[in-house]
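Each remark here refers to the structure printed beneath this line.
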Amino acid sequence: MKAAGYLVFAALLVFVLLAMPSHPDSVGWGALGRAPLELPVILFAVIAFGRNWGVQLVIAALLVTVTFIKLADIGMFTAYDRSFNPILDTFLIKAGLGLLRDSIGMPLTVLAVAGAALATVLLFYILMQALRLWAEMSVPRLGRLVAAAGALAFAGLAVAKVGPEPDHWRFAQSLPGSAKTSALAFARVSQMRETALDLVQFRAAAAQDRYADATGLLDRLQGQDVIIIYIESYGRASFENPLYAPTHTTTLQAQLGPLQEAGFAVQSGWLTSPTAGGQSWLAHGTLSSGLWVSDNGRYSAMLASGNKSLFHIAQEAGFRTAAVMPAITLAWPESEAMGFDVILPAADIPYKGARFNWVTMPDQFTLATYPDLLPKDARSDFIQIALISSHAPWVPVPDMIPWEDVSDGTEFNEMAARGPTPRELWKNRDDVREAYRQAIDYSLQATFSYIARLGADAPLVFVLGDHQAAGFVAGSDNRDVPVHVVGPPEVVERLNGWGWQDGLVPGGPVRRMDRFRNDFIAAFSDETLAEAVE
């Protein structure tokens with residue numbers, strides 16, 4: 001009886017791992033209602049092979065691997081609204097550890113990593129013991145042959161459920177059982193194969209650039225300063241989700257008046273970002289390169305391709321290019337291939353105040369300070385600014401202060417000390433959404449009030465989101481982000497063909513973000529050198 005209990009427990013462990021879902025929306029007791037066809041395949045197989053520890057080793061390793069992929073999928077869908085790609089996303093572990101460290105501290109992060117490693121080893125060990133129990137059952141030779149036949153029969157059912165096209169073998173009724181774990185493994189292998197092929201094709205496409213050898217581009221800007229400002233996690237949700245739209249649209253309407261009084265024309269439209277929930281660099285790379293940089297493999301291929309970014313084009317047109325990046329706290333070697341003359345990471349922005357958890361400094365401080373940090377240069381500016389106050393974990397949210405009161409950053413210390421902590425906030429998703437609403441609202445206020453103060457200098461400014469927030473925050477898997485252009489009327493007029501709507505509420509056709517580079521070059525270059533991309 002005791003031995004039977006151990007066997008049941010061993011089978012139950014394998015069952016739970018097989019039934020575990022790979023999407024956060026499927027997590028719940030309902031997942032245990034599925035009957036995984038892989039379970040009898042595994043149990044019959046270990047019975048058939050008996051004490052062959054090699055078979056047990058392979059099965060345990062596969063189960064641990066697929067469990068890791070399921071957990072990684074849940075994390076990726078929660079954060080980025082997509083599945084985990086083993087070829088491209090491994091580096092995100094380092095980025096995630098950095099965010100975890102800044103949220104809960106280094107000691108707890110080390111404990112979390114050590115705990116995860118220990119849990120993996122422990123799971124493998126327990127699985128080996130569980131499979132050994134079934135393998136060492138006293139079964140006659142005929143019984144092992146029957147078990148082998150049963151394993152093959154259930155494997156056939158699983159293949160029929162998965163295959164290149166699920167359920168492609170037609171039966172009067174759907175086959176019993178579930179093979180979702182096999183389907184996940186099959187899909188992931190297919191994804192990795194397609195990724196490898198895609199990278200080859202992307203590198204070939206990146207080597208072909210219609211403007212690679214063109215000269216005299218952006219001549220119609222006539223030395224006009226250009227600023228591209230990214231607002232972190234600013235997406236369509238700010239206009240369509242009732243949790244955020246009343247606040248954000250009211251703020252934008254309030255900011256429109258000062259911009260118009262300063263003499264600016266204002267238009268707004270939509271761009272589709274290649275990412276959601278994070279990985280802002282994919283959006284930055286897509287916008288500046290004119291290539292659809294939807295994953296980190298493509299990002300690496302873009303950097304290695306020799307493709308001219310919009311900043312390279314601006315350099316050749318006589319602009320001083322710069323990147324203001326308060327989120328960059330480590331070495332950024334990739335920047336060497338991006339076309340920036342000047343780079344201002346967090347360490348070069350003299351913020352003396354307290355950090356806002358992961359966020360190194362408030363957006364208002366970044367915007368107030370960066371102009372004085374740029375070296376004197378007779379050239380006009382072409383600048384990218386990536387703001388971060390609306391980056392997760394969205395707590396604490398700064399308050400706007402009079403611009404003249406911004407000094408060395410210590411004036412923000414009291415705000416930085418406000419609770420709750422990220423760990424407390426993220427226990428309740430409604431609280432997270434409320435913090436997100438406030439953070440985006442703060443960034444909108446800081447950005448547009450800053451632009452209104454530039455009236456006399458009259459730059460051409462593009463303000464856009466890099467991506468939507470995570471799905472549970474945005475309330476949608478849509479990847480559109482708003483883009484606003486603010487500038488002298490005669491300059492903004494050149495963009496009338498883009499079909500954007502007057503004001504700060506976006507309208508008009510939705511363009512993919514990779515069209516921006518070529519459309520921008522066409523709008524501000526002599527017609528004999530460039531034409532709009534349709």
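Residue numbering restarts at 1 for every chain of the structure tokens, chains are lettered A, B, ... in their displayed order, and ligands are numbered from 1 as they appear.
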
I want to know what sits within 6 Å of A:Ala474, based on only C-alpha atoms, with residues of the same chain fewer than 3 positions away left out; could you give that as an mmCIF file with N, CA and C atoms, in the first residue's frame?
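Dumped to around.cif:
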```cif
data_model
loop_
_atom_site.group_PDB
_atom_site.id
_atom_site.type_symbol
_atom_site.label_atom_id
_atom_site.label_comp_id
_atom_site.auth_asym_id
_atom_site.auth_seq_id
_atom_site.Cartn_x
_atom_site.Cartn_y
_atom_site.Cartn_z
ATOM 1 N N ALA A 237 -3.413 52.829 -24.982
ATOM 2 C CA ALA A 237 -4.233 52.723 -23.778
ATOM 3 C C ALA A 237 -4.540 54.080 -23.170
ATOM 4 N N ALA A 469 2.373 49.458 -22.372
ATOM 5 C CA ALA A 469 2.742 48.771 -21.134
ATOM 6 C C ALA A 469 2.365 47.299 -21.252
ATOM 7 N N GLY A 471 0.468 43.788 -20.945
ATOM 8 C CA GLY A 471 -0.936 43.594 -21.271
ATOM 9 C C GLY A 471 -1.887 43.799 -20.117
#
```

Which residues are close to stretch 36-43 of chain A, i.e. within 7 Å by only C-alpha atoms, leaving aside same-chain residues fewer than 4 positions away? Reply as an mmCIF file with all heavy atoms, in the first residue's frame.
```
data_model
loop_
_atom_site.group_PDB
_atom_site.id
_atom_site.type_symbol
_atom_site.label_atom_id
_atom_site.label_comp_id
_atom_site.auth_asym_id
_atom_site.auth_seq_id
_atom_site.Cartn_x
_atom_site.Cartn_y
_atom_site.Cartn_z
ATOM 1 N N VAL A 14 4.548 14.246 -12.247
ATOM 2 C CA VAL A 14 4.704 14.351 -13.698
ATOM 3 C C VAL A 14 3.457 14.972 -14.319
ATOM 4 O O VAL A 14 3.531 15.814 -15.221
ATOM 5 C CB VAL A 14 4.997 12.970 -14.318
ATOM 6 C CG1 VAL A 14 5.084 13.071 -15.839
ATOM 7 C CG2 VAL A 14 6.286 12.396 -13.756
ATOM 8 N N PHE A 15 2.289 14.572 -13.814
ATOM 9 C CA PHE A 15 1.026 15.122 -14.315
ATOM 10 C C PHE A 15 0.976 16.641 -14.154
ATOM 11 O O PHE A 15 0.604 17.374 -15.075
ATOM 12 C CB PHE A 15 -0.144 14.475 -13.577
ATOM 13 C CG PHE A 15 -1.465 15.157 -13.803
ATOM 14 C CD1 PHE A 15 -2.216 14.908 -14.938
ATOM 15 C CD2 PHE A 15 -1.956 16.080 -12.877
ATOM 16 C CE1 PHE A 15 -3.434 15.550 -15.148
ATOM 17 C CE2 PHE A 15 -3.164 16.724 -13.077
ATOM 18 C CZ PHE A 15 -3.901 16.459 -14.217
ATOM 19 N N LEU A 18 3.183 18.427 -16.637
ATOM 20 C CA LEU A 18 2.631 18.366 -17.988
ATOM 21 C C LEU A 18 1.397 19.250 -18.142
ATOM 22 O O LEU A 18 1.168 19.854 -19.201
ATOM 23 C CB LEU A 18 2.285 16.920 -18.339
ATOM 24 C CG LEU A 18 3.465 15.961 -18.496
ATOM 25 C CD1 LEU A 18 2.963 14.527 -18.642
ATOM 26 C CD2 LEU A 18 4.326 16.346 -19.695
ATOM 27 N N ALA A 19 0.582 19.333 -17.082
ATOM 28 C CA ALA A 19 -0.652 20.121 -17.143
ATOM 29 C C ALA A 19 -0.389 21.619 -16.964
ATOM 30 O O ALA A 19 -1.257 22.435 -17.284
ATOM 31 C CB ALA A 19 -1.631 19.643 -16.071
ATOM 32 N N ILE A 47 8.516 2.022 -17.633
ATOM 33 C CA ILE A 47 8.228 0.620 -17.284
ATOM 34 C C ILE A 47 8.846 -0.302 -18.322
ATOM 35 O O ILE A 47 9.479 -1.321 -17.992
ATOM 36 C CB ILE A 47 6.705 0.382 -17.182
ATOM 37 C CG1 ILE A 47 6.123 1.124 -15.982
ATOM 38 C CG2 ILE A 47 6.407 -1.117 -17.076
ATOM 39 C CD1 ILE A 47 4.605 1.077 -15.908
ATOM 40 N N TRP A 134 8.762 3.998 -10.858
ATOM 41 C CA TRP A 134 7.986 3.302 -11.891
ATOM 42 C C TRP A 134 8.869 2.331 -12.665
ATOM 43 O O TRP A 134 8.415 1.252 -13.070
ATOM 44 C CB TRP A 134 7.351 4.316 -12.845
ATOM 45 C CG TRP A 134 6.115 4.934 -12.257
ATOM 46 C CD1 TRP A 134 6.042 5.995 -11.412
ATOM 47 C CD2 TRP A 134 4.779 4.496 -12.459
ATOM 48 N NE1 TRP A 134 4.744 6.262 -11.073
ATOM 49 C CE2 TRP A 134 3.929 5.358 -11.702
ATOM 50 C CE3 TRP A 134 4.192 3.465 -13.196
ATOM 51 C CZ2 TRP A 134 2.549 5.207 -11.671
ATOM 52 C CZ3 TRP A 134 2.805 3.317 -13.179
ATOM 53 C CH2 TRP A 134 2.004 4.183 -12.410
ATOM 54 N N ALA A 151 2.934 2.785 -24.698
ATOM 55 C CA ALA A 151 3.662 4.042 -24.902
ATOM 56 C C ALA A 151 3.566 4.486 -26.353
ATOM 57 O O ALA A 151 3.327 5.670 -26.661
ATOM 58 C CB ALA A 151 5.125 3.877 -24.491
ATOM 59 N N PHE A 154 -0.133 5.754 -27.149
ATOM 60 C CA PHE A 154 -0.415 7.106 -26.650
ATOM 61 C C PHE A 154 0.464 8.162 -27.343
ATOM 62 O O PHE A 154 0.034 9.299 -27.534
ATOM 63 C CB PHE A 154 -0.224 7.159 -25.131
ATOM 64 C CG PHE A 154 -1.398 6.641 -24.366
ATOM 65 C CD1 PHE A 154 -1.394 5.352 -23.838
ATOM 66 C CD2 PHE A 154 -2.530 7.430 -24.181
ATOM 67 C CE1 PHE A 154 -2.485 4.864 -23.134
ATOM 68 C CE2 PHE A 154 -3.633 6.954 -23.477
ATOM 69 C CZ PHE A 154 -3.612 5.660 -22.958
ATOM 70 N N ALA A 155 1.679 7.774 -27.731
ATOM 71 C CA ALA A 155 2.528 8.692 -28.483
ATOM 72 C C ALA A 155 1.881 9.017 -29.826
ATOM 73 O O ALA A 155 1.924 10.162 -30.303
ATOM 74 C CB ALA A 155 3.915 8.098 -28.687
ATOM 75 N N ALA A 158 -0.758 11.530 -29.254
ATOM 76 C CA ALA A 158 -0.175 12.852 -29.030
ATOM 77 C C ALA A 158 0.273 13.484 -30.341
ATOM 78 O O ALA A 158 0.051 14.676 -30.586
ATOM 79 C CB ALA A 158 1.002 12.747 -28.061
ATOM 80 N N GLY A 177 -8.025 13.533 -24.590
ATOM 81 C CA GLY A 177 -6.758 13.943 -23.989
ATOM 82 C C GLY A 177 -6.207 15.232 -24.569
ATOM 83 O O GLY A 177 -6.726 15.814 -25.516
ATOM 84 N N SER A 178 -5.113 15.674 -23.943
ATOM 85 C CA SER A 178 -4.453 16.913 -24.343
ATOM 86 C C SER A 178 -2.971 16.645 -24.557
ATOM 87 O O SER A 178 -2.378 15.810 -23.869
ATOM 88 C CB SER A 178 -4.640 17.974 -23.254
ATOM 89 O OG SER A 178 -3.776 19.074 -23.464
ATOM 90 N N ALA A 179 -2.377 17.336 -25.519
ATOM 91 C CA ALA A 179 -0.939 17.207 -25.778
ATOM 92 C C ALA A 179 -0.317 18.598 -25.855
ATOM 93 O O ALA A 179 0.520 18.870 -26.709
ATOM 94 C CB ALA A 179 -0.690 16.419 -27.057
#
```

Practice problem: Could you tell me how far atom CA of A:Gly507 lies from atom CA of A:Gly269, in Å and to one decimal? | Solution: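 Distance reported for this atom pair: 4.9 Å.
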
Quiz item: Any idea what's packed within 12 Å of A:Met20, counting only C-alpha atoms, ignoring anything in its chain fewer than 2 positions away? Could you give it as JSON, numbers by chain?
Solution: {"A": [13, 14, 15, 16, 17, 18, 22, 23, 24, 25, 26, 27, 28, 29, 30, 31, 32, 33, 34, 35, 36, 63, 66, 67, 68, 69, 70, 71, 73, 74, 178, 179, 180, 181, 184]}

Practice problem: Would you list the contacts of A:Met361 as a PyMOL selection string, taking every protein, DNA or RNA residue within 10 Å and counting only C-alpha atoms, but skipping same-chain residues closer than 4 positions in sequence? | Solution: chain A and resi 326-327+346+349-357+365-366+387-389+398+409+412+416

Practice problem: Kindly indicate which residue among A:Ala392, A:Val483, A:Val226, A:Leu12 lies nearest to A:Phe516, using only C-alpha atoms for the distances. | Solution: A:Val483

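Distance-wise, atom CA of A:Glu316 and atom CA of A:Asp219 end up 10.6 Å apart.
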
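Distance check against A:Met302 using only C-alpha atoms: of A:Leu217, A:Ala10, A:Val473, A:Ala207, the minimum falls on A:Ala207.
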
Quiz item: Of the candidates A:Leu7, A:Ala386, A:Ala301, A:Leu367, which one gets nearest to A:Ser407 if we count only C-alpha atoms?
Solution: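 Closest to A:Ser407 of all the choices is A:Leu367.
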
Practice problem: Would you mind writing down, as a ChimeraX atom specification, each residue of stretch 241-354 of chain A that DSSP on the backbone assigns to helix (DSSP H, G or I)? | Solution: /A:245-261,280-289,296-304,310-316,333-337,346-348

Exercise. Give me, please, the distance in Å between atom CA of A:Ser335 and atom CA of A:Ser305, quoted to one decimal.
Key: 14.0 Å

Self-check item: Which residue of A:Pro362, A:Pro488, A:Gly503, A:Pro371 approaches A:Leu344 most closely, using only C-alpha atoms
Solution: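 Going through A:Pro362, A:Pro488, A:Gly503, A:Pro371 one by one, the smallest distance to A:Leu344 is for A:Pro371.
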
Need to verify the contact set: A:Val46, 9 Å, only C-alpha atoms, exclusion of same-chain residues closer than 6 positions in sequence. Can you return it as a tab-separated table (two decimals) with C-alpha atoms, in the first residue's frame?
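Resulting contents of out-v4.tsv:
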```tsv
chain	number	residue	atom	x	y	z
A	52	ASN	CA	17.75	1.95	-17.86
A	55	VAL	CA	15.99	6.90	-20.37
A	56	GLN	CA	15.02	8.32	-16.99
A	59	ILE	CA	12.90	12.25	-19.64
A	131	LEU	CA	10.69	7.87	-12.58
A	132	ARG	CA	12.92	5.32	-10.82
A	134	TRP	CA	7.99	3.30	-11.89
A	135	ALA	CA	11.02	1.84	-13.64
A	136	GLU	CA	11.78	-0.56	-10.77
A	147	ALA	CA	3.90	-1.15	-21.69
A	148	ALA	CA	6.03	-0.45	-24.78
```

Quiz prompt | Contact residues around A:Leu57 with only C-alpha atoms at 7 Å, ignoring same-chain residues under 4 positions, as a list in words | solution = Trp53, Ala61 and Met128 of chain A

Write a file of the selected residues as a compact mmCIF listing (two decimals), in the first residue's frame, keeping N, CA, C and O atoms.
```
# COMPACT_ATOMS: atom_id res chain seq x y z
N TRP A 53 18.78 3.79 -16.63
CA TRP A 53 18.80 5.16 -16.06
C TRP A 53 18.96 6.23 -17.12
O TRP A 53 18.57 7.38 -16.91
N ALA A 61 15.30 15.41 -17.77
CA ALA A 61 15.88 16.63 -18.33
C ALA A 61 14.89 17.35 -19.24
O ALA A 61 14.76 18.58 -19.20
N MET A 128 13.88 12.32 -11.11
CA MET A 128 14.65 11.09 -11.28
C MET A 128 14.17 10.00 -10.31
O MET A 128 14.01 8.82 -10.68
```

Exercise. Output as a ChimeraX atom specification all residues of stretch 188-429 of chain A that backbone DSSP marks as strand (DSSP E or B).
Key: /A:226-231,265-272,276,320-325,342-345,356,359,381-386

Quiz item: Which residue out of A:Ala435, A:Leu243, A:Val492, A:Ile440 has the minimum interatomic distance to A:Gly419 when only C-alpha atoms are used?
Solution: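 Ranked by minimum distance to A:Gly419, first place goes to A:Ala435.
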
Self-check item: Who sits within 12 Å of A:Pro375, only C-alpha atoms, same chain under 5 positions skipped, as a list of chain:residue names
Solution: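 Contacts, with the query itself left out: A:Arg320, A:Thr321, A:Ala322, A:Asp341, A:Val342, A:Ile343, A:Leu344, A:Tyr370, A:Asp381.
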